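Here the structure comes first, spelled out in structure tokens, and everything after it is commentary.
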Amino acid sequence: MGPTNVNRRDVLKRTAAASLLALPGIGALSSCAAGGGGGTDEKPQKGEKSKKNPLGVKEDAALAVYIFNGGYKDKYAQFVSDMYAKNHPKAKVDQKATEKIATQLQPKIVRGNPAADVINNSGADQMNIGKLVTNKQVADFTEMLDAPSWDNPSVTVRDSLYPAMQSMGAFGTKGCYQLNIAMTVYGNWYSQRMLEETLESQYPKTWDEMLAVCKKAKDKGIHGWSYPGGHPRYMLFSMYAMFAQVGGRETVEAMDYLEPNCWKSDAVKSVFEAFEELVAKKYVLTGFDGPQAHTEMQTAWTKGKCVFVPNGSWVENEAKDTTPAGFGMTVGATPSLSSGDKLPFGTLYSPPGEPFIVPAKAANVQGGLEWMRMMYSKEASINLFKETGGIPALKGAIDGMKLPPGTDSSQKAITAAGDNIVIPFWKEWYGELFTADYDKVMGDFMMGRIGTKEALDIMQKASDRVAKDPDITKIKKA
């Protein structure tokens, strides 16, 4: 097996790149004149549709695939390209890997003559998907999503995937212009051995139980929580789903659409107050302020200095060198705050990862869509997991397989959440809200320098600032 998850530096680079894609984002509309027409006059190549060829792929049309050469590498994608070549033997299939996605591919997309038919648009040099969607330079995946799935013709591709896939690529429309191939699971990560053996406890399903576990840990000289002081935004990994769990999806949707007082709702306030109690009772191990704050915090955690850390499913691979045998790395979903919560225990923050697009004016659009349909086959999904450790977007793809403990718990958490998966799109649409204001706010909040009221005042002012900025085109509800 290859690495068990994405290299964290690549994850953070993608997050930084995503922060630039505010749809359409700063200055996005200024480039509209460069998009769309003006390129090649060739019509996309299409073949006859049939049961075996539901997307009407032209059998001898060449297919060009570009993959981001990051933490996942490109062997997982070559597997799919080989599948495509086997099923379309008359077609020449060419796959390339690069770290310079935008540099190498965007100029030709803008000119209307793309060099690729399917692109893994990821990494630090990721293309601004907001601009591509606004300029109508990417194809709509709806036709593929509504086609029969690769393994079961009676089930559509759409219904074979985790529900978050289509919504992640909608960008405020009824279509789907970007699809992802894996799931990232965020939540409260812990050692099952510590929780069950050292603390003689079970994972807390309510916040009162969480406080009780933290008190028991403190009595034994162990902190209940920690977080990387150099990257305090990690604390939001444990709060996003809780916002929706307490107040319903509309709580997070209000943030997505920059609604007035979206950060001052009773639900958001109650979640911040819950975490403020952790700080007040000195249950939080602080520090870890340097550039390697995340690994320093994780090492303290794997050495048993704290019980819970906010993190994503890449942590299993990232912390493997310091994780002792039998640690039992596990992710826990959001504890319920009260009996009045709108969503049940098990609600999860689990956004899709590793984005793919098909250029609207690609020479072989249908081939690009078919490549993605193959990517969502069980065979390709299992290979994706074996090569990268990523949890495939195909529901149940790795059920029954022997999995590392963290991946196993992530898979179970996704299954248990069902439709109760929460994605705060504002973080992707309006990165300006995230990197500066929110990092500082969470840092001050977790150190006890500011309380809930001041933290939410600052967050709301940041949201209002973006909402009122005429240079940022806003996403409206579809």
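Letters A, B, ... mark the chains of the structure tokens in the order given; residue numbers begin at 1 per chain; ligand numbers begin at 1, in order shown.
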8 Å contact set for stretch 136-146 of chain A, only C-alpha atoms, chain neighbours under 4 positions out, as a CSV table (one decimal) with N, CA, C and O atoms, in the first residue's frame:
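The resulting selection-v4.csv:
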```
chain,number,residue,atom,x,y,z
A,35,GLY,N,-12.9,34.3,-21.6
A,35,GLY,CA,-13.4,32.9,-21.6
A,35,GLY,C,-14.4,32.6,-22.7
A,35,GLY,O,-14.7,33.4,-23.5
A,36,GLY,N,-14.9,31.3,-22.7
A,36,GLY,CA,-15.9,31.0,-23.6
A,36,GLY,C,-15.4,30.9,-25.0
A,36,GLY,O,-14.6,30.1,-25.3
A,55,LEU,N,-22.8,7.3,-22.3
A,55,LEU,CA,-22.4,8.7,-22.5
A,55,LEU,C,-22.1,9.0,-23.9
A,55,LEU,O,-21.7,10.2,-24.2
A,109,ILE,N,-7.2,26.7,-21.8
A,109,ILE,CA,-8.7,26.6,-21.5
A,109,ILE,C,-9.3,28.0,-21.7
A,109,ILE,O,-10.4,28.1,-22.3
A,110,VAL,N,-8.6,29.1,-21.3
A,110,VAL,CA,-9.0,30.4,-21.5
A,110,VAL,C,-9.2,30.7,-23.0
A,110,VAL,O,-10.2,31.4,-23.5
A,112,GLY,N,-10.0,28.6,-25.2
A,112,GLY,CA,-11.0,27.8,-25.8
A,112,GLY,C,-10.4,26.5,-26.5
A,112,GLY,O,-11.1,25.9,-27.3
A,132,LEU,N,-13.5,29.6,-13.6
A,132,LEU,CA,-13.8,28.7,-14.7
A,132,LEU,C,-15.3,28.5,-14.8
A,132,LEU,O,-15.9,28.4,-15.9
A,156,THR,N,-27.8,4.9,-10.5
A,156,THR,CA,-27.1,6.0,-11.2
A,156,THR,C,-25.8,6.3,-10.5
A,156,THR,O,-25.6,5.9,-9.3
A,157,VAL,N,-24.9,6.9,-11.2
A,157,VAL,CA,-23.6,7.3,-10.6
A,157,VAL,C,-23.9,8.2,-9.4
A,157,VAL,O,-23.3,8.0,-8.3
A,158,ARG,N,-24.8,9.1,-9.5
A,158,ARG,CA,-25.2,10.0,-8.4
A,158,ARG,C,-25.6,9.3,-7.2
A,158,ARG,O,-25.1,9.6,-6.1
A,175,GLY,N,-26.4,22.7,-11.3
A,175,GLY,CA,-25.5,21.8,-12.0
A,175,GLY,C,-24.4,21.3,-11.1
A,175,GLY,O,-24.5,21.4,-9.8
A,176,CYS,N,-23.4,20.7,-11.7
A,176,CYS,CA,-22.2,20.2,-10.9
A,176,CYS,C,-21.0,20.3,-11.8
A,176,CYS,O,-20.9,19.7,-12.9
A,177,TYR,N,-20.1,21.2,-11.5
A,177,TYR,CA,-19.0,21.6,-12.3
A,177,TYR,C,-17.6,21.1,-11.8
A,177,TYR,O,-16.6,21.3,-12.4
A,178,GLN,N,-17.6,20.4,-10.7
A,178,GLN,CA,-16.4,19.8,-10.1
A,178,GLN,C,-16.8,18.6,-9.3
A,178,GLN,O,-17.8,18.6,-8.6
A,179,LEU,N,-16.1,17.5,-9.5
A,179,LEU,CA,-16.4,16.3,-8.7
A,179,LEU,C,-15.1,15.9,-8.0
A,179,LEU,O,-14.0,16.0,-8.5
A,357,ILE,N,-12.2,18.2,-12.9
A,357,ILE,CA,-13.0,18.9,-13.9
A,357,ILE,C,-12.8,18.4,-15.3
A,357,ILE,O,-11.8,17.7,-15.6
A,358,VAL,N,-13.8,18.7,-16.1
A,358,VAL,CA,-13.7,18.4,-17.6
A,358,VAL,C,-13.9,19.7,-18.3
A,358,VAL,O,-15.0,20.4,-18.1
A,359,PRO,N,-12.9,20.2,-19.0
A,359,PRO,CA,-13.1,21.5,-19.7
A,359,PRO,C,-14.3,21.5,-20.7
A,359,PRO,O,-14.5,20.5,-21.4
A,360,ALA,N,-15.1,22.6,-20.7
A,360,ALA,CA,-16.3,22.6,-21.5
A,360,ALA,C,-16.0,22.5,-23.0
A,360,ALA,O,-16.8,21.9,-23.8
A,361,LYS,N,-14.8,22.9,-23.4
A,361,LYS,CA,-14.4,22.9,-24.8
A,361,LYS,C,-13.3,21.8,-25.1
A,361,LYS,O,-12.6,21.9,-26.1
A,365,VAL,N,-15.0,15.7,-24.5
A,365,VAL,CA,-15.8,15.9,-23.3
A,365,VAL,C,-16.4,14.6,-22.8
A,365,VAL,O,-16.4,14.2,-21.7
A,369,LEU,N,-15.9,12.6,-19.2
A,369,LEU,CA,-17.0,12.2,-18.4
A,369,LEU,C,-17.0,10.7,-18.1
A,369,LEU,O,-17.2,10.2,-17.0
A,370,GLU,N,-16.7,9.9,-19.2
A,370,GLU,CA,-16.6,8.4,-19.0
A,370,GLU,C,-15.4,8.1,-18.1
A,370,GLU,O,-15.5,7.1,-17.3
A,373,ARG,N,-16.6,8.3,-14.7
A,373,ARG,CA,-17.6,7.3,-14.4
A,373,ARG,C,-16.8,6.0,-14.0
A,373,ARG,O,-17.1,5.3,-13.1
```
key: Residues near stretch 298-301 of chain A, cut-off 8 Å, only C-alpha atoms, skip fewer than 5 positions along chain, as a list in words   = Ser226, Cys306, Val307, Phe308, Val309, Ala319, Thr322 and Thr323 of chain A
What would the file look like if the residues just selected were written as a PDB file, in the first residue's frame with N, CA and C atoms?
```pdb
ATOM      1  N   SER A 226      -6.252  19.419  23.111  1.00  0.00           N
ATOM      2  CA  SER A 226      -5.192  20.294  22.656  1.00  0.00           C
ATOM      3  C   SER A 226      -5.503  20.709  21.226  1.00  0.00           C
ATOM      4  N   CYS A 306      -2.728  14.394  26.070  1.00  0.00           N
ATOM      5  CA  CYS A 306      -4.098  14.913  25.977  1.00  0.00           C
ATOM      6  C   CYS A 306      -4.977  13.829  25.362  1.00  0.00           C
ATOM      7  N   VAL A 307      -6.282  14.006  25.482  1.00  0.00           N
ATOM      8  CA  VAL A 307      -7.231  12.978  25.031  1.00  0.00           C
ATOM      9  C   VAL A 307      -7.733  13.261  23.622  1.00  0.00           C
ATOM     10  N   PHE A 308      -8.229  14.476  23.396  1.00  0.00           N
ATOM     11  CA  PHE A 308      -8.871  14.806  22.121  1.00  0.00           C
ATOM     12  C   PHE A 308      -8.096  15.890  21.374  1.00  0.00           C
ATOM     13  N   VAL A 309      -8.043  15.761  20.056  1.00  0.00           N
ATOM     14  CA  VAL A 309      -7.493  16.823  19.207  1.00  0.00           C
ATOM     15  C   VAL A 309      -8.415  17.007  18.003  1.00  0.00           C
ATOM     16  N   ALA A 319       0.969  11.285  11.585  1.00  0.00           N
ATOM     17  CA  ALA A 319       1.483  11.001  12.934  1.00  0.00           C
ATOM     18  C   ALA A 319       1.965   9.564  13.092  1.00  0.00           C
ATOM     19  N   THR A 322       5.102   8.589  15.275  1.00  0.00           N
ATOM     20  CA  THR A 322       5.091   8.750  16.736  1.00  0.00           C
ATOM     21  C   THR A 322       3.937   7.992  17.390  1.00  0.00           C
ATOM     22  N   THR A 323       3.123   7.321  16.591  1.00  0.00           N
ATOM     23  CA  THR A 323       1.959   6.625  17.139  1.00  0.00           C
ATOM     24  C   THR A 323       2.361   5.236  17.622  1.00  0.00           C
TER      25      THR A 323
END
```
key: Which of A:Gln202, A:Gln78, A:Asn121, A:Gln245 sits closest to A:Leu343 [using only C-alpha atoms]   =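 Ranking A:Gln202, A:Gln78, A:Asn121, A:Gln245 by distance to A:Leu343, first place goes to A:Gln245.
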request  = Please identify all polymer residues within 9 Å of A:Ser338, counting only C-alpha atoms, omitting same-chain residues fewer than 3 positions from it, and present them as a VMD selection string.
outcome  = chain A and resid 206 to 208 246 341
ask   = When distances are computed from only C-alpha atoms, which of A:Val185, A:Met459, A:Met446, A:Leu278 shows the smallest separation from A:Thr330?
value = A:Val185
message = Restricting the calculation to only C-alpha atoms: of A:Lys303, A:Val93, A:Met127, A:Asn69, which residue gets closest to A:Gln106?
response =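 Selected residue with least distance to A:Gln106: A:Met127.
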Counting only C-alpha atoms, the residue of A:Thr347, A:Thr286, A:Ser463, A:Ser50 that sits nearest A:Asp256 = A:Ser463
request  = Please return as a count of residues only: the residues of stretch 155-256 of chain A that backbone DSSP assigns to helix (DSSP H, G or I).
outcome  = 52
